[in-house]
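Asks: Structure: my_file.txt, compact mmCIF, C-alpha atoms.
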# COMPACT_ATOMS: atom_id res chain seq x y z
CA MET B 1 -131.41 -148.62 -106.91
CA LYS B 2 -133.19 -146.90 -109.76
CA THR B 3 -135.04 -147.60 -112.92
CA LYS B 4 -135.27 -144.67 -115.34
CA PHE B 5 -137.32 -144.19 -118.51
CA TYR B 6 -136.52 -141.35 -120.91
CA PRO B 7 -139.07 -141.22 -123.77
CA GLU B 8 -139.53 -138.14 -125.95
CA TYR B 9 -143.01 -136.71 -126.06
CA ALA B 10 -144.61 -133.70 -127.81
CA ASN B 11 -147.81 -133.02 -125.90
CA SER B 12 -148.47 -132.34 -122.27
CA ILE B 13 -150.21 -135.26 -120.62
CA LEU B 14 -151.49 -135.91 -117.16
CA LEU B 15 -150.94 -139.51 -116.09
CA ILE B 16 -153.09 -141.16 -113.46
CA PHE B 17 -151.26 -143.97 -111.69
CA THR B 18 -152.11 -146.81 -109.42
CA ILE B 19 -149.01 -147.57 -107.38
CA LEU B 20 -148.11 -150.87 -105.73
CA ILE B 21 -144.99 -150.90 -103.61
CA THR B 22 -143.93 -154.14 -101.94
CA LEU B 23 -141.07 -154.20 -99.50
CA PHE B 24 -139.01 -157.41 -99.58
CA PRO B 25 -136.48 -158.65 -97.07
CA GLY B 26 -133.21 -159.97 -98.45
CA ASN B 27 -134.40 -163.59 -98.61
CA ALA B 28 -137.99 -162.89 -99.71
CA PHE B 29 -137.56 -164.80 -102.95
CA SER B 30 -136.27 -167.97 -101.30
CA GLN B 31 -138.39 -171.12 -101.28
CA THR B 32 -138.11 -173.86 -98.68
CA TYR B 33 -139.12 -177.46 -99.33
CA SER B 34 -139.73 -179.50 -96.16
CA PHE B 35 -139.59 -183.29 -96.38
CA THR B 36 -140.98 -185.36 -93.50
CA ASN B 37 -141.87 -188.96 -92.71
CA CYS B 38 -145.43 -188.12 -93.88
CA GLY B 39 -146.97 -189.80 -90.86
CA ALA B 40 -145.20 -193.15 -91.32
CA SER B 41 -143.56 -194.91 -88.37
CA GLY B 42 -141.51 -198.01 -87.71
CA ARG B 43 -139.34 -199.88 -90.19
CA LEU B 44 -141.21 -199.02 -93.39
CA GLY B 45 -141.26 -195.58 -94.96
CA PRO B 46 -144.26 -193.62 -96.26
CA THR B 47 -146.34 -194.84 -99.18
CA GLN B 48 -147.25 -192.67 -102.15
CA ALA B 49 -150.72 -192.19 -100.63
CA GLN B 50 -149.17 -190.86 -97.40
CA VAL B 51 -146.89 -188.56 -99.37
CA ASN B 52 -149.82 -187.20 -101.39
CA ALA B 53 -151.89 -186.66 -98.25
CA THR B 54 -149.04 -184.76 -96.55
CA TYR B 55 -147.85 -182.54 -99.40
CA THR B 56 -151.13 -180.98 -100.43
CA GLY B 57 -152.78 -177.61 -100.97
CA ALA B 58 -150.35 -174.69 -100.95
CA ASN B 59 -147.38 -176.88 -99.97
CA PRO B 60 -144.68 -176.32 -102.64
CA LEU B 61 -144.12 -180.09 -102.78
CA THR B 62 -147.70 -180.80 -103.83
CA GLY B 63 -147.63 -183.14 -106.82
CA MET B 64 -143.83 -182.96 -106.95
CA VAL B 65 -142.79 -186.04 -104.92
CA THR B 66 -142.94 -189.69 -105.96
CA THR B 67 -141.91 -192.87 -104.16
CA PRO B 68 -140.72 -195.45 -106.73
CA THR B 69 -139.22 -197.24 -103.72
CA GLN B 70 -141.50 -197.02 -100.68
CA GLY B 71 -140.21 -194.41 -98.28
CA ILE B 72 -137.55 -192.92 -100.58
CA GLN B 73 -139.02 -189.63 -101.75
CA GLN B 74 -137.96 -188.60 -105.24
CA TRP B 75 -137.97 -184.89 -106.11
CA THR B 76 -136.71 -182.94 -109.11
CA VAL B 77 -134.76 -179.72 -108.53
CA PRO B 78 -136.92 -176.97 -110.10
CA THR B 79 -134.29 -174.29 -110.78
CA SER B 80 -130.52 -174.10 -110.82
CA GLY B 81 -128.84 -172.27 -107.99
CA GLN B 82 -127.43 -172.36 -104.50
CA TYR B 83 -129.41 -174.40 -101.98
CA ARG B 84 -129.17 -174.80 -98.20
CA ILE B 85 -129.93 -178.31 -96.97
CA THR B 86 -130.66 -179.24 -93.36
CA VAL B 87 -130.81 -182.93 -92.47
CA ALA B 88 -131.86 -184.39 -89.13
CA GLY B 89 -131.43 -188.08 -88.37
CA ALA B 90 -134.12 -189.71 -86.25
CA GLY B 91 -133.72 -190.57 -82.59
CA GLY B 92 -133.50 -194.17 -81.47
CA GLY B 93 -136.18 -195.83 -79.37
CA GLY B 94 -135.75 -195.72 -75.63
CA SER B 95 -138.64 -197.39 -73.82
CA THR B 96 -138.64 -195.43 -70.56
CA THR B 97 -135.46 -193.57 -71.51
CA VAL B 98 -134.42 -190.82 -73.87
CA GLY B 99 -132.93 -192.94 -76.65
CA GLY B 100 -129.91 -192.11 -78.77
CA ARG B 101 -130.13 -188.83 -80.69
CA GLY B 102 -129.90 -188.32 -84.44
CA LYS B 103 -127.42 -185.87 -85.97
CA LEU B 104 -128.47 -182.42 -87.20
CA ILE B 105 -126.38 -180.88 -90.01
CA GLN B 106 -126.70 -177.87 -92.33
CA ALA B 107 -124.69 -177.12 -95.47
CA ASP B 108 -124.96 -175.31 -98.83
CA VAL B 109 -124.61 -176.79 -102.28
CA THR B 110 -125.17 -175.86 -105.93
CA LEU B 111 -127.92 -177.90 -107.61
CA ASN B 112 -128.97 -177.91 -111.25
CA ALA B 113 -132.49 -177.77 -112.61
CA GLY B 114 -133.68 -181.23 -113.59
CA GLU B 115 -131.46 -183.11 -111.14
CA VAL B 116 -133.44 -185.77 -109.29
CA LEU B 117 -132.82 -186.21 -105.57
CA ARG B 118 -133.69 -189.31 -103.54
CA ILE B 119 -134.63 -188.21 -100.03
CA ILE B 120 -135.28 -190.08 -96.80
CA ALA B 121 -136.61 -188.51 -93.62
CA GLY B 122 -135.48 -191.05 -91.03
CA GLN B 123 -138.01 -192.60 -88.63
CA LYS B 124 -137.58 -193.22 -84.93
CA GLY B 125 -136.69 -196.64 -83.64
CA SER B 126 -139.60 -198.51 -82.05
CA ASN B 127 -139.87 -199.08 -78.32
CA GLY B 128 -140.29 -202.73 -77.41
CA GLY B 129 -142.20 -201.82 -74.28
CA CYS B 130 -140.47 -204.43 -72.14
CA GLY B 131 -136.85 -203.46 -72.12
CA SER B 132 -135.16 -202.70 -75.43
CA SER B 133 -135.64 -200.67 -78.60
CA GLY B 134 -134.61 -200.26 -82.22
CA GLY B 135 -132.14 -197.82 -83.70
CA GLY B 136 -133.27 -194.61 -85.40
CA GLY B 137 -133.14 -194.15 -89.14
CA GLY B 138 -130.72 -191.79 -90.85
CA SER B 139 -131.88 -188.97 -93.14
CA PHE B 140 -130.47 -188.98 -96.67
CA VAL B 141 -130.18 -186.71 -99.71
CA VAL B 142 -128.75 -188.61 -102.67
CA LYS B 143 -128.57 -187.76 -106.37
CA LEU B 144 -130.41 -190.31 -108.50
CA THR B 145 -127.80 -190.19 -111.26
CA GLY B 146 -124.90 -192.29 -110.05
CA ASN B 147 -126.50 -192.67 -106.58
CA LEU B 148 -124.15 -189.97 -105.30
CA PRO B 149 -124.71 -189.00 -101.67
CA VAL B 150 -125.00 -185.25 -101.08
CA ILE B 151 -125.57 -185.14 -97.32
CA ILE B 152 -126.58 -187.74 -94.73
CA ALA B 153 -127.37 -187.39 -91.02
CA GLY B 154 -126.99 -190.52 -88.89
CA GLY B 155 -129.73 -191.86 -86.65
CA GLY B 156 -129.46 -192.43 -82.90
CA ALA B 157 -129.20 -195.92 -81.41
CA GLY B 158 -131.79 -197.89 -79.48
CA TYR B 159 -131.53 -198.18 -75.68
CA LEU B 160 -131.82 -200.89 -73.12
CA SER B 161 -134.25 -199.57 -70.52
CA ASN B 162 -133.83 -198.27 -66.97
CA THR B 163 -131.59 -195.31 -67.63
CA GLY B 164 -132.62 -191.70 -67.95
CA ASN B 165 -129.16 -190.54 -68.94
CA VAL B 166 -127.85 -189.70 -72.39
CA LEU B 167 -125.19 -192.22 -73.41
CA SER B 168 -122.85 -190.44 -75.80
CA SER B 169 -121.96 -193.51 -77.85
CA SER B 170 -125.62 -193.93 -78.72
CA ASP B 171 -125.80 -190.49 -80.35
CA ALA B 172 -125.17 -190.31 -84.09
CA ALA B 173 -121.72 -189.21 -85.20
CA PHE B 174 -120.85 -186.13 -87.25
CA THR B 175 -118.04 -188.15 -88.81
CA ASN B 176 -118.52 -190.86 -91.45
CA SER B 177 -118.11 -193.89 -89.18
CA GLY B 178 -120.81 -195.45 -87.04
CA LYS B 179 -120.18 -195.90 -83.33
CA ASN B 180 -119.66 -199.05 -81.30
CA SER B 181 -122.32 -200.15 -78.84
CA ILE B 182 -121.82 -199.21 -75.19
CA CYS B 183 -120.82 -202.78 -74.37
CA ASN B 184 -118.55 -203.00 -77.46
CA THR B 185 -120.15 -206.27 -78.60
CA GLY B 186 -121.29 -204.57 -81.79
CA THR B 187 -118.97 -202.36 -83.86
CA GLY B 188 -119.80 -199.35 -85.98
CA GLY B 189 -119.41 -199.58 -89.75
CA THR B 190 -116.93 -197.52 -91.77
CA GLY B 191 -116.83 -196.22 -95.34
CA GLY B 192 -120.57 -196.45 -95.94
CA ASN B 193 -120.97 -199.99 -94.59
CA GLY B 194 -123.37 -201.33 -91.99
CA GLY B 195 -122.54 -201.95 -88.34
CA THR B 196 -122.30 -205.39 -86.78
CA GLY B 197 -124.84 -206.99 -84.49
CA SER B 198 -123.99 -207.88 -80.92
CA THR B 199 -121.78 -210.98 -80.67
CA ASN B 200 -123.65 -212.23 -77.58
CA GLY B 201 -127.02 -210.45 -77.60
CA TRP B 202 -130.01 -209.44 -79.75
CA GLY B 203 -129.22 -205.89 -80.87
CA CYS B 204 -128.55 -205.87 -84.64
CA GLY B 205 -126.34 -203.53 -86.63
CA GLY B 206 -127.67 -200.43 -88.35
CA GLY B 207 -127.43 -200.29 -92.13
CA GLY B 208 -125.07 -198.01 -94.02
CA PHE B 209 -125.25 -196.35 -97.40
CA SER B 210 -123.78 -199.29 -99.31
CA THR B 211 -124.23 -202.44 -97.19
CA ASP B 212 -126.66 -203.83 -94.64
CA GLY B 213 -125.89 -204.18 -90.96
CA THR B 214 -125.33 -207.69 -89.66
CA GLU B 215 -127.51 -209.85 -87.47
CA ALA B 216 -126.89 -210.22 -83.75
CA ALA B 217 -125.76 -213.60 -82.52
CA ASN B 218 -129.12 -214.45 -80.93
CA ALA B 219 -131.40 -213.03 -83.63
CA ALA B 220 -131.39 -216.15 -85.79
CA ALA B 221 -132.63 -218.29 -82.91
CA TRP B 222 -135.75 -216.13 -82.73
CA SER B 223 -136.28 -216.19 -86.51
CA TYR B 224 -136.24 -212.45 -87.13
CA SER B 225 -133.96 -210.45 -89.37
CA GLY B 226 -133.04 -207.44 -87.29
CA LYS B 227 -130.31 -205.98 -89.46
CA GLY B 228 -130.84 -202.50 -90.82
CA TYR B 229 -130.96 -202.50 -94.63
CA ALA B 230 -128.60 -200.30 -96.63
CA PHE B 231 -129.84 -197.23 -98.49
CA MET B 232 -128.93 -199.03 -101.70
CA ASN B 233 -131.12 -201.98 -100.62
CA GLY B 234 -134.22 -199.93 -99.78
CA ALA B 235 -133.25 -198.50 -96.35
CA MET B 236 -135.82 -200.53 -94.37
CA GLY B 237 -135.34 -200.72 -90.63
CA GLY B 238 -134.48 -204.06 -89.05
CA ASN B 239 -137.25 -206.40 -87.97
CA THR B 240 -137.98 -207.53 -84.42
CA ALA B 241 -139.36 -210.39 -82.36
CA ASN B 242 -141.33 -208.09 -80.06
CA ASN B 243 -142.12 -204.56 -81.33
CA ALA B 244 -138.61 -203.12 -81.29
CA ALA B 245 -137.96 -202.56 -85.01
CA GLY B 246 -135.36 -200.23 -86.36
CA GLY B 247 -136.60 -196.98 -87.88
CA PHE B 248 -136.86 -196.54 -91.65
CA GLY B 249 -133.55 -195.12 -92.82
CA CYS B 250 -131.47 -198.26 -92.04
CA GLY B 251 -132.01 -198.46 -88.26
CA GLY B 252 -131.13 -201.80 -86.62
CA GLY B 253 -133.81 -203.86 -84.86
CA THR B 254 -133.65 -205.93 -81.69
CA HIS B 255 -135.63 -208.52 -79.73
CA GLY B 256 -137.85 -206.15 -77.79
CA CYS B 257 -137.61 -207.59 -74.25
CA THR B 258 -134.29 -206.84 -72.57
CA GLY B 259 -132.53 -207.76 -75.79
CA GLY B 260 -130.24 -204.76 -76.08
CA GLY B 261 -130.43 -201.78 -78.44
CA GLY B 262 -130.29 -201.72 -82.24
CA GLY B 263 -127.63 -199.67 -84.01
CA GLY B 264 -128.50 -196.37 -85.66
CA GLY B 265 -128.73 -196.12 -89.45
CA GLY B 266 -126.73 -193.64 -91.49
CA TYR B 267 -123.87 -193.30 -93.94
CA SER B 268 -122.22 -196.04 -91.86
CA GLY B 269 -124.32 -198.05 -89.42
CA GLY B 270 -123.93 -198.25 -85.66
CA GLY B 271 -123.23 -201.48 -83.76
CA GLY B 272 -125.90 -203.39 -81.84
CA SER B 273 -125.72 -204.03 -78.08
CA ASN B 274 -126.46 -206.92 -75.74
CA GLN B 275 -128.61 -207.03 -72.61
CA ASN B 276 -125.93 -208.06 -70.15
CA ILE B 277 -125.11 -204.66 -68.69
CA ASN B 278 -127.36 -201.80 -67.72
CA PRO B 279 -127.32 -199.03 -68.84
CA ASN B 280 -126.59 -200.16 -72.38
CA ALA B 281 -127.34 -199.03 -75.92
CA GLY B 282 -126.34 -199.56 -79.52
CA GLY B 283 -124.00 -197.22 -81.36
CA GLY B 284 -125.18 -194.18 -83.29
CA GLY B 285 -124.96 -194.05 -87.08
CA GLY B 286 -122.39 -192.09 -89.04
CA SER B 287 -122.99 -189.00 -91.19
CA PHE B 288 -121.71 -187.68 -94.51
CA VAL B 289 -121.22 -184.30 -96.16
CA SER B 290 -120.13 -184.16 -99.78
CA ALA B 291 -116.95 -182.25 -100.61
CA ALA B 292 -119.02 -180.06 -102.94
CA MET B 293 -120.86 -178.54 -99.97
CA SER B 294 -119.85 -175.33 -98.21
CA ASN B 295 -120.76 -173.52 -94.99
CA VAL B 296 -121.08 -176.85 -93.18
CA ILE B 297 -122.48 -176.54 -89.64
CA ASP B 298 -122.91 -179.23 -87.01
CA LEU B 299 -126.16 -178.09 -85.37
CA GLY B 300 -126.19 -180.74 -82.65
CA PHE B 301 -128.80 -183.45 -82.23
CA ASN B 302 -132.40 -184.37 -82.92
CA GLN B 303 -134.42 -186.60 -80.58
CA ASN B 304 -137.55 -186.91 -82.70
CA ALA B 305 -138.44 -188.12 -86.20
CA GLY B 306 -135.98 -187.11 -88.88
CA TYR B 307 -136.54 -184.50 -91.56
CA VAL B 308 -134.92 -182.75 -94.53
CA THR B 309 -135.35 -179.12 -95.55
CA ILE B 310 -134.04 -177.68 -98.81
CA THR B 311 -134.05 -173.90 -99.30
CA ASN B 312 -133.28 -172.15 -102.58
CA LEU B 313 -130.90 -169.30 -101.72
CA THR B 314 -130.69 -167.96 -105.27
CA ILE B 315 -132.92 -165.02 -106.16
CA PRO B 316 -134.72 -165.99 -109.37
CA ALA B 317 -134.49 -163.86 -112.50
CA THR B 318 -136.90 -160.90 -112.27
CA ALA B 319 -137.09 -157.46 -113.83
CA LEU B 320 -134.20 -156.54 -111.57
CA ASN B 321 -132.18 -158.63 -109.16
CA PHE B 322 -131.26 -156.46 -106.22
CA ASP B 323 -127.62 -157.42 -106.05
CA GLY B 324 -126.28 -153.89 -105.57
CA VAL B 325 -124.63 -153.82 -109.01
CA ASN B 326 -126.10 -151.91 -111.98
CA ASP B 327 -129.57 -151.99 -110.47
CA PHE B 328 -131.15 -149.79 -113.14
CA VAL B 329 -132.49 -150.02 -116.65
CA ASN B 330 -132.22 -147.18 -119.15
CA VAL B 331 -134.56 -147.68 -122.11
CA GLY B 332 -133.23 -144.72 -124.07
CA THR B 333 -134.92 -141.51 -125.22
CA SER B 334 -137.12 -142.77 -128.05
CA LEU B 335 -140.88 -142.32 -127.80
CA ASN B 336 -142.51 -144.86 -125.48
CA PRO B 337 -146.19 -145.25 -126.53
CA ILE B 338 -147.01 -147.00 -123.26
CA LEU B 339 -146.54 -143.69 -121.46
CA ASP B 340 -148.29 -141.67 -124.16
CA THR B 341 -151.71 -142.02 -122.61
CA THR B 342 -154.34 -140.03 -120.76
CA GLY B 343 -155.79 -143.18 -119.19
CA ALA B 344 -154.75 -145.15 -116.16
CA LEU B 345 -151.28 -146.64 -115.98
CA THR B 346 -149.99 -148.99 -113.31
CA VAL B 347 -146.45 -148.68 -111.99
CA GLU B 348 -145.33 -151.62 -109.85
CA ALA B 349 -142.08 -151.63 -107.92
CA TRP B 350 -140.44 -154.37 -105.89
CA VAL B 351 -138.31 -152.51 -103.39
CA TYR B 352 -135.41 -153.91 -101.40
CA PRO B 353 -134.15 -150.89 -99.39
CA THR B 354 -130.59 -151.02 -98.14
CA SER B 355 -130.72 -147.51 -96.70
CA THR B 356 -133.28 -144.97 -95.49
CA ASN B 357 -130.98 -141.99 -95.92
CA GLN B 358 -131.20 -139.34 -98.63
CA LEU B 359 -133.11 -139.71 -101.91
CA GLY B 360 -133.39 -142.82 -104.05
CA VAL B 361 -135.13 -142.94 -107.43
CA ILE B 362 -137.16 -146.12 -107.94
CA VAL B 363 -138.85 -145.43 -111.28
CA GLY B 364 -139.30 -142.21 -113.20
CA ASN B 365 -139.62 -140.39 -116.52
CA TYR B 366 -138.15 -136.97 -116.00
CA TRP B 367 -135.89 -134.30 -117.48
CA THR B 368 -135.54 -134.64 -121.21
CA SER B 369 -134.29 -131.97 -123.54
CA THR B 370 -137.82 -130.70 -124.17
CA ALA B 371 -139.62 -131.07 -120.87
CA SER B 372 -139.20 -131.51 -117.18
CA MET B 373 -140.83 -134.26 -115.14
CA GLN B 374 -143.64 -136.56 -116.27
CA PHE B 375 -143.76 -138.86 -113.23
CA LEU B 376 -141.42 -139.91 -110.47
CA LEU B 377 -141.56 -142.56 -107.76
CA ARG B 378 -138.76 -142.25 -105.25
CA ARG B 379 -137.72 -142.81 -101.69
CA ASP B 380 -137.33 -139.61 -99.67
CA ASN B 381 -135.38 -140.82 -96.66
CA SER B 382 -137.77 -143.25 -94.92
CA SER B 383 -140.86 -142.26 -96.96
CA TYR B 384 -142.03 -143.22 -100.44
CA VAL B 385 -143.29 -140.34 -102.60
CA PHE B 386 -144.98 -140.31 -106.00
CA TYR B 387 -145.05 -137.17 -108.18
CA VAL B 388 -147.23 -136.55 -111.23
CA ASP B 389 -146.56 -133.40 -113.30
CA LEU B 390 -147.32 -131.89 -116.71
CA GLY B 391 -144.78 -133.01 -119.26
Please express the file's structure as structure tokens.

Replies:
Amino acid sequence: MKTKFYPEYANSILLIFTILITLFPGNAFSQTYSFTNCGASGRLGPTQAQVNATYTGANPLTGMVTTPTQGIQQWTVPTSGQYRITVAGAGGGGSTTVGGRGKLIQADVTLNAGEVLRIIAGQKGSNGGCGSSGGGGGSFVVKLTGNLPVIIAGGGAGYLSNTGNVLSSSDAAFTNSGKNSICNTGTGGTGGNGGTGSTNGWGCGGGGFSTDGTEAANAAAWSYSGKGYAFMNGAMGGNTANNAAGGFGCGGGTHGCTGGGGGGGGYSGGGGSNQNINPNAGGGGGSFVSAAMSNVIDLGFNQNAGYVTITNLTIPATALNFDGVNDFVNVGTSLNPILDTTGALTVEAWVYPTSTNQLGVIVGNYWTSTASMQFLLRRDNSSYVFYVDLG
């Protein structure tokens, strides 16, 4: 890579330079934005005050995130380009057990400056403390215009206690559909719809993107609404009779004392379970990846609170973008008054070396028809050398 300047000059001048060389790795210009639950827990997402307290100081999200709907973080894409998004759905509650696991997905997408994204970092399902637990919330990235989903990771389901084993049906799905509960009394939703609550228990269905989950058969008798609410309806987790709410991000709630597990939230909700068999758990929520995304990777599962990270992969416009093509600027051979000085002059170079072999000119003013070298900054194999000469 080289940048060359060829001004004409009549007099000999000695230039004194201050040189700043910064070596950049290939992704040095990238910026990552990390969205979290901002300290919130349970069925309700973070308030604006919690968001402001979390994204503060040098955090690139400081002052950039609003919550017109509590818990749904709204952020405007700052620059157009290619972005890598990682979404992790939250784990379900598990009392003394592990709980269902949320999905973890990574993919790339082109975003445009000014586009507004609605983002949810799913929250874990609550543990009832006496036998059952709520489903985990899904994590969502959705375009505000048209409410178009970009990528969604389902949340894990809530467990009935007394098992230390992972129950695969309780883990969120990589596919769009939610999963059935272990006991099959609650069915997973499809096509962005919520799951159903248990037909003979207390575990309620997780919400989907478009519609809420449904109540379990026994929930009404205890006067709580345990269904997980759809993303389009605010994404609240389902309520509970005894501290086993679904996590924010559409997780299904349950009774809280041996009432079965709530379904996980997600693109499609998971089904709720009953308490009649042990081990038992609700079904994990479904996930979604838009057709516009590329380099899609299923990274496995997440047991903890959900999160979303968005990384700008596009190098912003600078003096030179080191793309390996035409990485030089020739300003011609007319007189450059900036270099016609006996005072101090600063030369600054951002260097992205792709090789440490042979010579590589970085910036220089040398060899015109009337003189030899004025100054030269170059790479000599693995060293950086600066020459100052009489013009």

Asks: Rounded to one decimal place, report the CA of Gly122 in chain B-CA of Thr185 in chain B distance in Å.

Replies: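 Straight-line distance from CA of Gly122 in chain B to CA of Thr185 in chain B works out to 24.9 Å.
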
Asks: Considering all atoms listed in the file, can you say which of B:Gln106, B:Thr175, B:Ser225, B:Gln48 comes closest to Thr254 in chain B?

Replies: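 Between B:Gln106, B:Thr175, B:Ser225, B:Gln48, the residue approaching Thr254 in chain B most closely is B:Ser225.
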
Asks: Separation of CA of Thr86 in chain B and CA of Arg101 in chain B, in Å?

Replies: 15.9 Å

Asks: Could you check the closest approach to Asn274 in chain B for each of B:Leu299, B:Ile310, B:Ala292, B:Leu160 and tell me which residue wins, using all atoms listed in the file?

Replies: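 Distance minimum relative to Asn274 in chain B lands on B:Leu160.
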
Asks: Which is closest to Cys257 in chain B among B:Asn52, B:Gln70, B:Thr110, B:Thr240, if we use all atoms listed in the file?

Replies: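 When distances to Cys257 in chain B are compared using all atoms listed in the file, the smallest one comes from B:Thr240.
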
Asks: Start from the incomplete input, build N, CA and C atoms for range 268-285 of chain B, and deliver everything as a PDB file, in the coordinates of the input.

Replies:
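Result file follows (result.pdb):
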ATOM      1  N   SER B 268    -122.721-194.762 -92.372  1.00  0.00           N
ATOM      2  CA  SER B 268    -122.220-196.040 -91.860  1.00  0.00           C
ATOM      3  C   SER B 268    -123.055-196.383 -90.636  1.00  0.00           C
ATOM      4  N   GLY B 269    -123.428-197.659 -90.497  1.00  0.00           N
ATOM      5  CA  GLY B 269    -124.320-198.050 -89.420  1.00  0.00           C
ATOM      6  C   GLY B 269    -123.646-198.181 -88.080  1.00  0.00           C
ATOM      7  N   GLY B 270    -124.436-198.038 -87.015  1.00  0.00           N
ATOM      8  CA  GLY B 270    -123.930-198.250 -85.660  1.00  0.00           C
ATOM      9  C   GLY B 270    -124.024-199.708 -85.257  1.00  0.00           C
ATOM     10  N   GLY B 271    -123.230-200.101 -84.253  1.00  0.00           N
ATOM     11  CA  GLY B 271    -123.230-201.480 -83.760  1.00  0.00           C
ATOM     12  C   GLY B 271    -124.378-201.749 -82.806  1.00  0.00           C
ATOM     13  N   GLY B 272    -124.835-202.997 -82.758  1.00  0.00           N
ATOM     14  CA  GLY B 272    -125.900-203.390 -81.840  1.00  0.00           C
ATOM     15  C   GLY B 272    -125.342-203.789 -80.478  1.00  0.00           C
ATOM     16  N   SER B 273    -126.192-203.727 -79.444  1.00  0.00           N
ATOM     17  CA  SER B 273    -125.720-204.030 -78.080  1.00  0.00           C
ATOM     18  C   SER B 273    -126.372-205.312 -77.555  1.00  0.00           C
ATOM     19  N   ASN B 274    -125.847-205.779 -76.429  1.00  0.00           N
ATOM     20  CA  ASN B 274    -126.460-206.920 -75.740  1.00  0.00           C
ATOM     21  C   ASN B 274    -127.281-206.420 -74.551  1.00  0.00           C
ATOM     22  N   GLN B 275    -127.768-207.347 -73.752  1.00  0.00           N
ATOM     23  CA  GLN B 275    -128.610-207.030 -72.610  1.00  0.00           C
ATOM     24  C   GLN B 275    -127.909-207.310 -71.288  1.00  0.00           C
ATOM     25  N   ASN B 276    -126.606-207.544 -71.333  1.00  0.00           N
ATOM     26  CA  ASN B 276    -125.930-208.060 -70.150  1.00  0.00           C
ATOM     27  C   ASN B 276    -125.471-206.985 -69.180  1.00  0.00           C
ATOM     28  N   ILE B 277    -125.438-205.747 -69.607  1.00  0.00           N
ATOM     29  CA  ILE B 277    -125.110-204.660 -68.690  1.00  0.00           C
ATOM     30  C   ILE B 277    -126.222-203.616 -68.780  1.00  0.00           C
ATOM     31  N   ASN B 278    -126.329-202.822 -67.748  1.00  0.00           N
ATOM     32  CA  ASN B 278    -127.360-201.800 -67.720  1.00  0.00           C
ATOM     33  C   ASN B 278    -126.824-200.597 -66.954  1.00  0.00           C
ATOM     34  N   PRO B 279    -126.726-199.416 -67.567  1.00  0.00           N
ATOM     35  CA  PRO B 279    -127.320-199.030 -68.840  1.00  0.00           C
ATOM     36  C   PRO B 279    -126.514-199.535 -70.040  1.00  0.00           C
ATOM     37  N   ASN B 280    -127.215-199.675 -71.156  1.00  0.00           N
ATOM     38  CA  ASN B 280    -126.590-200.160 -72.380  1.00  0.00           C
ATOM     39  C   ASN B 280    -127.355-199.595 -73.577  1.00  0.00           C
ATOM     40  N   ALA B 281    -126.701-199.525 -74.703  1.00  0.00           N
ATOM     41  CA  ALA B 281    -127.340-199.030 -75.920  1.00  0.00           C
ATOM     42  C   ALA B 281    -126.480-199.386 -77.113  1.00  0.00           C
ATOM     43  N   GLY B 282    -127.100-199.385 -78.285  1.00  0.00           N
ATOM     44  CA  GLY B 282    -126.340-199.560 -79.520  1.00  0.00           C
ATOM     45  C   GLY B 282    -125.523-198.312 -79.826  1.00  0.00           C
ATOM     46  N   GLY B 283    -124.791-198.368 -80.923  1.00  0.00           N
ATOM     47  CA  GLY B 283    -124.000-197.220 -81.360  1.00  0.00           C
ATOM     48  C   GLY B 283    -124.743-196.386 -82.387  1.00  0.00           C
ATOM     49  N   GLY B 284    -124.536-195.083 -82.343  1.00  0.00           N
ATOM     50  CA  GLY B 284    -125.180-194.180 -83.290  1.00  0.00           C
ATOM     51  C   GLY B 284    -124.599-194.333 -84.694  1.00  0.00           C
ATOM     52  N   GLY B 285    -125.399-193.970 -85.696  1.00  0.00           N
ATOM     53  CA  GLY B 285    -124.960-194.050 -87.080  1.00  0.00           C
ATOM     54  C   GLY B 285    -124.050-192.908 -87.476  1.00  0.00           C
TER      55      GLY B 285
END
